[in-house]
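Novice: Have a peek at entry37.txt (compact mmCIF, C-alpha atoms).
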```
# COMPACT_ATOMS: atom_id res chain seq x y z
CA MET A 1 63.47 117.10 87.47
CA ASN A 2 64.97 113.84 86.23
CA PRO A 3 64.70 111.36 89.15
CA GLN A 4 67.83 109.47 88.08
CA LEU A 5 69.88 112.65 87.87
CA PHE A 6 68.57 113.74 91.25
CA LEU A 7 69.51 110.42 92.89
CA ALA A 8 72.96 110.62 91.32
CA PHE A 9 73.32 114.16 92.67
CA LEU A 10 72.33 113.00 96.16
CA VAL A 11 75.11 110.40 96.11
CA VAL A 12 77.75 112.85 94.90
CA ALA A 13 76.64 115.67 97.20
CA ALA A 14 76.51 113.39 100.25
CA ALA A 15 80.00 112.11 99.48
CA LEU A 16 81.34 115.66 99.23
CA ALA A 17 79.61 116.76 102.42
CA CYS A 18 81.11 113.75 104.21
CA THR A 19 84.63 114.64 103.08
CA PRO A 20 86.56 116.27 105.96
CA GLY A 21 87.74 119.79 105.26
CA VAL A 22 87.64 123.33 106.55
CA ASP A 23 83.86 123.14 107.18
CA TRP A 24 84.37 120.14 109.45
CA ALA A 25 87.27 121.88 111.17
CA TYR A 26 85.22 125.00 111.86
CA THR A 27 82.20 123.01 113.06
CA ILE A 28 84.28 121.01 115.53
CA ALA A 29 86.34 123.96 116.76
CA ALA A 30 83.31 126.21 117.26
CA GLY A 31 81.38 123.40 118.91
CA LEU A 32 84.18 122.76 121.38
CA ARG A 33 84.53 126.43 122.31
CA GLN A 34 80.82 127.10 122.82
CA ARG A 35 77.83 125.49 124.43
CA SER A 36 75.88 125.22 121.14
CA PHE A 37 77.21 124.26 117.72
CA VAL A 38 73.98 125.32 115.98
CA PRO A 39 75.18 128.85 115.03
CA ALA A 40 78.32 127.38 113.44
CA VAL A 41 76.37 124.86 111.36
CA ALA A 42 73.74 127.44 110.44
CA GLY A 43 76.44 129.86 109.34
CA LEU A 44 78.14 127.29 107.12
CA CYS A 45 74.78 126.42 105.54
CA GLY A 46 74.09 130.14 105.09
CA GLY A 47 77.25 130.45 103.02
CA TYR A 48 76.06 127.70 100.71
CA VAL A 49 72.66 129.35 100.46
CA LEU A 50 74.55 132.41 99.21
CA HIS A 51 76.26 130.28 96.56
CA THR A 52 72.85 128.89 95.57
CA VAL A 53 71.45 132.39 95.11
CA LEU A 54 74.45 133.37 92.98
CA LEU A 55 74.00 130.25 90.87
CA VAL A 56 70.29 130.80 90.27
CA ALA A 57 70.84 134.48 89.45
CA GLY A 58 73.57 133.59 86.98
CA LEU A 59 76.16 135.61 88.89
CA ALA A 60 78.29 132.57 89.66
CA ALA A 61 79.03 132.01 85.96
CA VAL A 62 79.84 135.71 85.56
CA LEU A 63 82.33 135.58 88.44
CA ILE A 64 83.94 132.43 87.08
CA GLY A 65 84.39 134.19 83.76
CA MET A 66 86.25 137.07 85.44
CA PRO A 67 89.61 135.64 86.56
CA GLY A 68 90.70 138.93 88.09
CA VAL A 69 87.66 139.20 90.35
CA LEU A 70 87.83 135.51 91.24
CA GLY A 71 91.49 135.97 92.12
CA TRP A 72 90.67 138.74 94.58
CA ILE A 73 87.89 136.61 96.08
CA THR A 74 90.41 133.79 96.48
CA LEU A 75 92.88 136.10 98.22
CA ALA A 76 90.14 137.34 100.54
CA GLY A 77 89.11 133.75 101.30
CA ALA A 78 92.72 132.75 101.96
CA GLY A 79 93.23 135.67 104.32
CA TYR A 80 90.01 134.90 106.13
CA LEU A 81 90.92 131.24 106.62
CA LEU A 82 94.36 132.22 107.89
CA TRP A 83 92.83 134.67 110.37
CA LEU A 84 90.28 132.11 111.53
CA GLY A 85 92.92 129.38 111.82
CA VAL A 86 95.33 131.54 113.78
CA GLY A 87 92.52 132.49 116.16
CA THR A 88 91.74 128.81 116.67
CA LEU A 89 95.40 127.98 117.28
CA ARG A 90 95.66 130.76 119.87
CA SER A 91 92.76 129.26 121.83
CA TRP A 92 93.61 125.57 121.54
CA ARG A 93 95.31 125.34 124.96
CA ASN A 94 92.09 126.49 126.64
CA ALA A 95 89.70 124.48 124.47
CA SER A 96 86.62 123.67 126.52
CA PHE A 97 82.87 124.07 126.45
CA SER A 98 82.26 127.75 127.07
CA ALA A 99 79.59 128.81 129.50
CA ASP A 100 78.89 131.98 127.51
CA GLY A 101 77.91 130.04 124.39
CA GLY A 102 74.32 131.17 124.70
CA ALA A 103 75.09 134.89 124.48
CA ALA A 104 73.39 136.50 121.48
CA GLY A 105 76.57 138.34 120.47
CA THR A 106 78.64 135.18 120.57
CA GLN A 107 76.06 133.23 118.58
CA LEU A 108 75.83 135.94 115.92
CA ARG A 109 79.60 136.15 115.63
CA THR A 110 79.85 132.37 115.29
CA PHE A 111 77.12 132.39 112.64
CA LEU A 112 78.81 135.13 110.60
CA GLN A 113 82.20 133.43 110.87
CA GLY A 114 80.65 130.19 109.63
CA MET A 115 78.94 131.98 106.77
CA GLY A 116 82.24 133.58 105.85
CA THR A 117 84.03 130.23 106.01
CA SER A 118 81.82 128.65 103.33
CA GLY A 119 80.56 131.79 101.59
CA ILE A 120 83.87 133.46 100.78
CA ASN A 121 85.59 130.20 99.87
CA PRO A 122 86.05 130.20 96.07
CA LYS A 123 86.22 126.41 96.15
CA GLY A 124 82.55 126.41 97.14
CA LEU A 125 81.71 128.71 94.24
CA LEU A 126 83.61 126.48 91.82
CA PHE A 127 81.83 123.43 93.23
CA TYR A 128 78.44 124.96 92.55
CA ILE A 129 79.22 126.17 89.04
CA ALA A 130 81.07 123.00 87.99
CA LEU A 131 78.96 120.27 89.59
CA ILE A 132 75.32 121.30 89.79
CA PRO A 133 74.82 122.10 86.06
CA GLN A 134 75.78 118.50 85.26
CA PHE A 135 72.62 117.32 87.04
CA VAL A 136 70.23 119.82 85.46
CA SER A 137 68.05 118.53 82.61
CA SER A 138 66.86 120.89 79.88
CA GLU A 139 64.02 118.44 79.12
CA ALA A 140 62.57 118.50 82.64
CA ALA A 141 59.28 120.25 83.38
CA LEU A 142 60.92 122.63 85.85
CA PRO A 143 62.91 125.59 84.49
CA VAL A 144 66.71 125.32 84.71
CA PRO A 145 67.04 128.05 87.39
CA VAL A 146 64.46 126.27 89.56
CA GLN A 147 66.27 122.95 89.18
CA SER A 148 69.58 124.63 90.04
CA GLY A 149 68.05 126.20 93.13
CA LEU A 150 66.55 122.92 94.31
CA LEU A 151 69.84 121.08 93.84
CA GLY A 152 71.73 123.82 95.63
CA LEU A 153 69.35 123.77 98.58
CA THR A 154 69.50 119.97 98.63
CA PHE A 155 73.24 120.22 99.14
CA VAL A 156 72.65 122.78 101.90
CA ALA A 157 70.33 120.32 103.68
CA LEU A 158 72.77 117.43 103.30
CA ALA A 159 75.66 119.54 104.53
CA GLY A 160 73.61 120.68 107.53
CA LEU A 161 72.81 117.09 108.47
CA VAL A 162 76.41 115.94 108.09
CA TYR A 163 77.88 118.89 110.03
CA THR A 164 75.32 118.40 112.80
CA ALA A 165 76.26 114.72 113.05
CA VAL A 166 79.97 115.64 113.10
CA ALA A 167 79.42 118.22 115.84
CA LEU A 168 77.29 115.88 117.96
CA LEU A 169 79.75 113.00 117.61
CA SER A 170 82.78 115.13 118.38
CA ARG A 171 81.13 116.68 121.45
CA THR A 172 80.03 113.28 122.71
CA LEU A 173 83.50 111.83 122.30
CA LEU A 174 85.49 114.84 123.53
CA GLN A 175 83.32 116.42 126.24
CA SER A 176 84.93 114.36 128.98
CA ARG A 177 88.40 114.36 127.38
CA PRO A 178 89.90 117.85 127.63
CA GLY A 179 93.25 116.66 126.30
CA ALA A 180 91.67 115.17 123.20
CA ALA A 181 89.50 118.27 122.77
CA ARG A 182 92.60 120.47 122.75
CA ALA A 183 94.28 118.18 120.24
CA VAL A 184 91.27 118.30 117.91
CA THR A 185 91.08 122.09 118.23
CA LEU A 186 94.78 122.30 117.38
CA ALA A 187 94.25 120.08 114.33
CA SER A 188 91.28 122.20 113.24
CA GLY A 189 93.38 125.36 113.42
CA ILE A 190 96.19 123.73 111.45
CA ILE A 191 93.73 122.64 108.74
CA MET A 192 92.36 126.17 108.39
CA VAL A 193 95.83 127.71 108.22
CA ALA A 194 97.04 125.07 105.74
CA LEU A 195 94.08 125.54 103.40
CA GLY A 196 94.42 129.31 103.62
CA ALA A 197 98.12 129.02 102.76
CA VAL A 198 97.33 126.76 99.79
CA LEU A 199 94.76 129.22 98.44
CA LEU A 200 97.22 132.08 98.95
CA GLY A 201 99.97 130.17 97.20
CA GLU A 202 97.73 129.39 94.24
CA GLN A 203 97.32 133.11 93.65
CA LEU A 204 100.76 134.48 94.56
CA LEU A 205 103.03 131.87 92.96
CA PRO A 206 101.87 132.50 89.35
CA PHE A 207 102.11 136.24 90.02
CA ALA A 208 105.66 135.90 91.34
CA ALA A 209 106.66 133.59 88.47
CA SER A 210 105.41 136.04 85.86
CA HIS A 211 107.47 138.86 87.38
CA ILE A 212 110.61 136.72 87.66
CA GLN A 213 110.40 135.88 83.96
```
How does the structure come out when it is put into C-alpha cells?
Specialist:
Amino acid sequence: MNPQLFLAFLVVAAALACTPGVDWAYTIAAGLRQRSFVPAVAGLCGGYVLHTVLLVAGLAAVLIGMPGVLGWITLAGAGYLLWLGVGTLRSWRNASFSADGGAAGTQLRTFLQGMGTSGINPKGLLFYIALIPQFVSSEAALPVPVQSGLLGLTFVALAGLVYTAVALLSRTLLQSRPGAARAVTLASGIIMVALGAVLLGEQLLPFAASHIQ
C-alpha cells in the first residue's frame, strides 16, 4: 500500500469521523440512557464493518449501480432514523444514566440499533464506494480488495476511537448535569429526525415531481 496515500486517507477519514452527525447523536443518546456506551459504539462500528465487507466483495458498486434498490435502502434508512429519533425524543425528559444498562438484552438491542444506524444509512455506503477507491493503488504489492479492506477497517478503528472519546467526554460533562443531559438528548433526537426527514425528502420529492408533471 502506498504510504503517502495511506497517510492522506488517515487525515480525510479522521476528519470525517470527527464531523458531528447521526453517529455522534446516537452515541451520546445511548450513552446517557445506559450505564455503558460500549454496545452503542460497537454497533456503529459493526455497521461500517458491514460496508467494508460489501466493498471488498464488490457488492457496494453493484448496489450503487442499481438506483431502484439504493432508493429502497434510502427509504428504509430514513424510516429507521425517524423511528430512532422519535424514540429518543420520547425519552428526553427522563434522560439519565440507567441502572439496567448492564442487562444482556439491553446491550444487544443497543448494539443492533447502532449497527442499523450506520449499516442501513446509504450515506455510509456512498462514502465507502466514493472515497476509499481514491486511495487504492493498482501498483501496490497488495491486491486491490485487500487494500480496500484495510482502508475500510482503518476507518472503523478511527470511528471507534472518536465515538468512544465523544461518549466519554459527554458522560463526564453531563453526568452531574441532568438538565444539560436532557437538552443533549433532545438535540440528538432532533438530529436523527431531521436527517431521516432529509433522506425521505430526497426520495419522495423527485417521485412527487415526476407525477405532477
Novice: Hey, what's within 10 Å of Ala167 of chain A if we count all atoms listed in the file and toss same-chain stuff fewer than 4 positions away? As a PyMOL selection string, please?
Specialist: chain A and resi 24-32+36-38+40-41+161-163+171-173
Novice: Go ahead and save the residues from that selection, with C-alpha atoms, as a tab-separated table (two decimals), keeping the file's coordinate frame.
Specialist:
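Generated file (again_15.tsv):
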```
chain	number	residue	atom	x	y	z
A	24	TRP	CA	84.37	120.14	109.45
A	25	ALA	CA	87.27	121.88	111.17
A	26	TYR	CA	85.22	125.00	111.86
A	27	THR	CA	82.20	123.01	113.06
A	28	ILE	CA	84.28	121.01	115.53
A	29	ALA	CA	86.34	123.96	116.76
A	30	ALA	CA	83.31	126.21	117.26
A	31	GLY	CA	81.38	123.40	118.91
A	32	LEU	CA	84.18	122.76	121.38
A	36	SER	CA	75.88	125.22	121.14
A	37	PHE	CA	77.21	124.26	117.72
A	38	VAL	CA	73.98	125.32	115.98
A	40	ALA	CA	78.32	127.38	113.44
A	41	VAL	CA	76.37	124.86	111.36
A	161	LEU	CA	72.81	117.09	108.47
A	162	VAL	CA	76.41	115.94	108.09
A	163	TYR	CA	77.88	118.89	110.03
A	171	ARG	CA	81.13	116.68	121.45
A	172	THR	CA	80.03	113.28	122.71
A	173	LEU	CA	83.50	111.83	122.30
```
Novice: What's the 12 Å shell around Phe9 of chain A, counting all atoms listed in the file, without same-chain residues fewer than 3 positions away, as number ranges by chain?
Specialist: A: 1-6, 12-17, 128, 131-136, 147-148, 150-155, 158
Novice: Compute the distance from (79.4, 130.7, 121.0) to each atom, counting all atoms listed in the file, keep the residues with any atom at most 6 Å away, and return them as a PyMOL selection string; use the coordinates of the file.
Specialist: chain A and resi 34+101+106-107+110
Novice: Output C-alpha atoms for every residue in that selection, as a PDB file, in the coordinates of the input.
Specialist:
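The new file selection_18.pdb reads:
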```pdb
ATOM      1  CA  GLN A  34      80.820 127.100 122.820  1.00  0.00           C
ATOM      2  CA  GLY A 101      77.910 130.040 124.390  1.00  0.00           C
ATOM      3  CA  THR A 106      78.640 135.180 120.570  1.00  0.00           C
ATOM      4  CA  GLN A 107      76.060 133.230 118.580  1.00  0.00           C
ATOM      5  CA  THR A 110      79.850 132.370 115.290  1.00  0.00           C
TER       6      THR A 110
END
```
Novice: For atom CA of Gly149 of chain A and atom CA of Thr52 of chain A, quote the distance in Å rounded to one decimal.
Specialist: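 So the answer is 6.0 Å.
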Novice: Given all atoms listed in the file as the basis, pick out the residue of A:Ile129, A:Ala159, A:Gly201, A:Ile120 nearest to Pro20 of chain A.
Specialist: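 Counting all atoms listed in the file, the residue closest to Pro20 of chain A is A:Ala159.
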Novice: Using only C-alpha atoms, which protein or nucleic acid residues come within 8 Å of Tyr48 of chain A? Drop anything in the same chain fewer than 5 positions from it, and give the result as number ranges by chain.
Specialist: A: 115, 118-119, 124, 152, 156
